[in-house]
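S.K.: Sharing a structure with you now.
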Amino acid sequence: MNELLIIISAGMLGAGLFIFDPYMAIVSQFANFKPFNCVYCLTFWITAIVFYFIDFPIYYAGISSVIGELTYRKLVNYEEEQ
């Protein structure tokens with residue numbers, strides 16, 4: 001159960017980073033290239049590195065990045081659906 005919570009929360013943290021305006025201002029000014037401007041890419045690489053250091057299976061980083069991308073799309077398109 002803890003593994004599932006770690007995977008989901010890592011994906012949501014990746015999506016939340018791209019909603020955070022100061023991060024997007026820095027990226028648009030200094031690092032407007034992949035993986036810094038892509039939710040899927042940045043979430044994958046950050047979770048892969050963190051999961052490696054905490055001895056967590058690396059393939060969970062892919063699952064976290066998919067969750068992050070889908071969460072980000074839902075957050076961005078939420079107002080259009082209502």
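Chain lettering (A, B, ...) mirrors the order of the structure tokens, residue numbering begins at 1 for each chain separately, and ligand numbering begins at 1 in order of display.
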Could you give me the residues within chain A that DSSP places in alpha helix (DSSP H), as a compact mmCIF listing (two decimals) with N, CA and C atoms, in the first residue's frame?

M.R.:
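After the write, part12.txt holds the following:
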```txt
# COMPACT_ATOMS: atom_id res chain seq x y z
N ASN A 2 1.96 1.22 0.77
CA ASN A 2 2.85 2.37 0.81
C ASN A 2 3.48 2.64 -0.55
N GLU A 3 3.80 1.56 -1.28
CA GLU A 3 4.39 1.73 -2.60
C GLU A 3 3.44 2.46 -3.53
N LEU A 4 2.17 2.10 -3.48
CA LEU A 4 1.17 2.74 -4.32
C LEU A 4 1.04 4.23 -3.98
N LEU A 5 1.06 4.55 -2.71
CA LEU A 5 0.98 5.95 -2.31
C LEU A 5 2.19 6.75 -2.75
N ILE A 6 3.37 6.15 -2.70
CA ILE A 6 4.59 6.82 -3.15
C ILE A 6 4.53 7.09 -4.65
N ILE A 7 4.08 6.11 -5.42
CA ILE A 7 3.99 6.25 -6.88
C ILE A 7 3.01 7.36 -7.25
N ILE A 8 1.83 7.34 -6.67
CA ILE A 8 0.81 8.34 -6.99
C ILE A 8 1.23 9.73 -6.54
N SER A 9 1.77 9.83 -5.34
CA SER A 9 2.17 11.16 -4.84
C SER A 9 3.34 11.73 -5.63
N ALA A 10 4.26 10.89 -6.09
CA ALA A 10 5.36 11.39 -6.92
C ALA A 10 4.84 11.93 -8.24
N GLY A 11 3.87 11.26 -8.84
CA GLY A 11 3.27 11.75 -10.07
C GLY A 11 2.53 13.05 -9.88
N MET A 12 1.80 13.16 -8.78
CA MET A 12 1.06 14.40 -8.52
C MET A 12 1.98 15.56 -8.18
N LEU A 13 3.09 15.27 -7.51
CA LEU A 13 4.07 16.33 -7.25
C LEU A 13 4.69 16.84 -8.55
N GLY A 14 4.94 15.93 -9.48
CA GLY A 14 5.46 16.35 -10.78
C GLY A 14 4.47 17.23 -11.53
N ALA A 15 3.20 16.90 -11.46
CA ALA A 15 2.18 17.72 -12.11
C ALA A 15 2.01 19.06 -11.40
N GLY A 16 2.09 19.03 -10.09
CA GLY A 16 1.95 20.26 -9.33
C GLY A 16 3.07 21.25 -9.57
N LEU A 17 4.24 20.74 -9.90
CA LEU A 17 5.36 21.62 -10.19
C LEU A 17 5.10 22.49 -11.41
N PHE A 18 4.40 21.94 -12.40
CA PHE A 18 4.13 22.69 -13.62
C PHE A 18 2.95 23.65 -13.47
N ILE A 19 2.19 23.53 -12.42
CA ILE A 19 1.13 24.49 -12.12
C ILE A 19 1.70 25.65 -11.32
N ASP A 21 3.56 28.72 -10.64
CA ASP A 21 3.96 29.82 -11.53
C ASP A 21 5.43 30.22 -11.43
N PRO A 22 6.04 30.30 -10.25
CA PRO A 22 7.46 30.66 -10.22
C PRO A 22 8.36 29.67 -10.96
N TYR A 23 8.03 28.38 -10.89
CA TYR A 23 8.82 27.40 -11.63
C TYR A 23 8.70 27.64 -13.13
N MET A 24 7.49 27.88 -13.60
CA MET A 24 7.30 28.08 -15.03
C MET A 24 7.96 29.37 -15.50
N ALA A 25 8.01 30.39 -14.66
CA ALA A 25 8.70 31.63 -15.03
C ALA A 25 10.20 31.39 -15.18
N ILE A 26 10.78 30.62 -14.28
CA ILE A 26 12.21 30.31 -14.36
C ILE A 26 12.50 29.45 -15.59
N VAL A 27 11.67 28.46 -15.83
CA VAL A 27 11.89 27.58 -16.98
C VAL A 27 11.74 28.34 -18.29
N SER A 28 10.75 29.17 -18.40
CA SER A 28 10.55 29.90 -19.65
C SER A 28 11.67 30.89 -19.92
N GLN A 29 12.35 31.33 -18.87
CA GLN A 29 13.41 32.31 -19.05
C GLN A 29 14.78 31.65 -19.24
N PHE A 30 15.08 30.58 -18.51
CA PHE A 30 16.42 30.03 -18.50
C PHE A 30 16.56 28.64 -19.10
N VAL A 39 6.19 17.78 -18.61
CA VAL A 39 5.74 17.13 -17.37
C VAL A 39 6.18 15.68 -17.33
N TYR A 40 5.95 14.97 -18.41
CA TYR A 40 6.27 13.55 -18.47
C TYR A 40 7.76 13.31 -18.28
N CYS A 41 8.58 14.07 -19.01
CA CYS A 41 10.03 13.87 -18.97
C CYS A 41 10.62 14.22 -17.60
N LEU A 42 10.26 15.38 -17.08
CA LEU A 42 10.83 15.81 -15.81
C LEU A 42 10.39 14.90 -14.66
N THR A 43 9.12 14.52 -14.66
CA THR A 43 8.64 13.62 -13.61
C THR A 43 9.35 12.28 -13.68
N PHE A 44 9.56 11.77 -14.89
CA PHE A 44 10.26 10.50 -15.03
C PHE A 44 11.68 10.59 -14.49
N TRP A 45 12.43 11.59 -14.91
CA TRP A 45 13.84 11.66 -14.53
C TRP A 45 14.01 11.95 -13.04
N ILE A 46 13.21 12.81 -12.49
CA ILE A 46 13.33 13.09 -11.05
C ILE A 46 12.96 11.87 -10.23
N THR A 47 11.85 11.22 -10.57
CA THR A 47 11.46 10.04 -9.80
C THR A 47 12.42 8.88 -10.02
N ALA A 48 12.97 8.74 -11.22
CA ALA A 48 13.95 7.68 -11.45
C ALA A 48 15.18 7.87 -10.58
N ILE A 49 15.66 9.10 -10.48
CA ILE A 49 16.83 9.37 -9.64
C ILE A 49 16.51 9.14 -8.17
N VAL A 50 15.38 9.67 -7.72
CA VAL A 50 15.01 9.51 -6.30
C VAL A 50 14.74 8.05 -5.97
N PHE A 51 14.03 7.35 -6.84
CA PHE A 51 13.74 5.94 -6.59
C PHE A 51 15.01 5.11 -6.57
N TYR A 52 15.99 5.47 -7.38
CA TYR A 52 17.27 4.75 -7.39
C TYR A 52 17.96 4.91 -6.04
N PHE A 53 17.97 6.12 -5.50
CA PHE A 53 18.66 6.37 -4.24
C PHE A 53 17.95 5.76 -3.04
N TYR A 60 8.91 1.94 -11.58
CA TYR A 60 7.80 2.71 -11.01
C TYR A 60 7.87 4.18 -11.42
N ALA A 61 9.05 4.63 -11.86
CA ALA A 61 9.18 6.02 -12.32
C ALA A 61 8.34 6.24 -13.57
N GLY A 62 8.25 5.25 -14.43
CA GLY A 62 7.39 5.36 -15.61
C GLY A 62 5.93 5.49 -15.25
N ILE A 63 5.51 4.73 -14.27
CA ILE A 63 4.12 4.81 -13.81
C ILE A 63 3.85 6.18 -13.19
N SER A 64 4.79 6.67 -12.41
CA SER A 64 4.63 8.00 -11.79
C SER A 64 4.56 9.10 -12.84
N SER A 65 5.35 8.97 -13.90
CA SER A 65 5.33 10.01 -14.93
C SER A 65 4.02 10.00 -15.71
N VAL A 66 3.46 8.84 -15.94
CA VAL A 66 2.15 8.77 -16.61
C VAL A 66 1.08 9.39 -15.72
N ILE A 67 1.11 9.08 -14.44
CA ILE A 67 0.15 9.67 -13.50
C ILE A 67 0.32 11.19 -13.46
N GLY A 68 1.57 11.66 -13.48
CA GLY A 68 1.83 13.10 -13.48
C GLY A 68 1.29 13.77 -14.73
N GLU A 69 1.51 13.16 -15.87
CA GLU A 69 1.03 13.74 -17.13
C GLU A 69 -0.50 13.79 -17.18
N LEU A 70 -1.15 12.72 -16.78
CA LEU A 70 -2.61 12.70 -16.78
C LEU A 70 -3.20 13.68 -15.77
N THR A 71 -2.56 13.81 -14.61
CA THR A 71 -3.00 14.77 -13.61
C THR A 71 -2.85 16.19 -14.12
N TYR A 72 -1.73 16.47 -14.77
CA TYR A 72 -1.49 17.81 -15.31
C TYR A 72 -2.53 18.15 -16.37
N ARG A 73 -2.82 17.23 -17.25
CA ARG A 73 -3.83 17.48 -18.28
C ARG A 73 -5.19 17.75 -17.66
N LYS A 74 -5.53 17.02 -16.61
CA LYS A 74 -6.81 17.22 -15.94
C LYS A 74 -6.85 18.58 -15.24
N LEU A 75 -5.74 18.98 -14.63
CA LEU A 75 -5.69 20.28 -13.95
C LEU A 75 -5.79 21.43 -14.94
N VAL A 76 -5.13 21.31 -16.08
CA VAL A 76 -5.12 22.40 -17.05
C VAL A 76 -6.46 22.52 -17.76
N TYR A 78 -9.42 21.56 -16.64
CA TYR A 78 -10.56 21.47 -15.74
C TYR A 78 -11.61 22.55 -16.00
N GLU A 79 -11.16 23.77 -16.27
CA GLU A 79 -12.10 24.88 -16.47
C GLU A 79 -12.85 24.74 -17.77
N GLU A 80 -12.24 24.14 -18.79
CA GLU A 80 -12.88 23.99 -20.09
C GLU A 80 -14.00 22.96 -20.05
N GLU A 81 -13.90 21.98 -19.17
CA GLU A 81 -14.90 20.91 -19.13
C GLU A 81 -16.18 21.33 -18.42
```
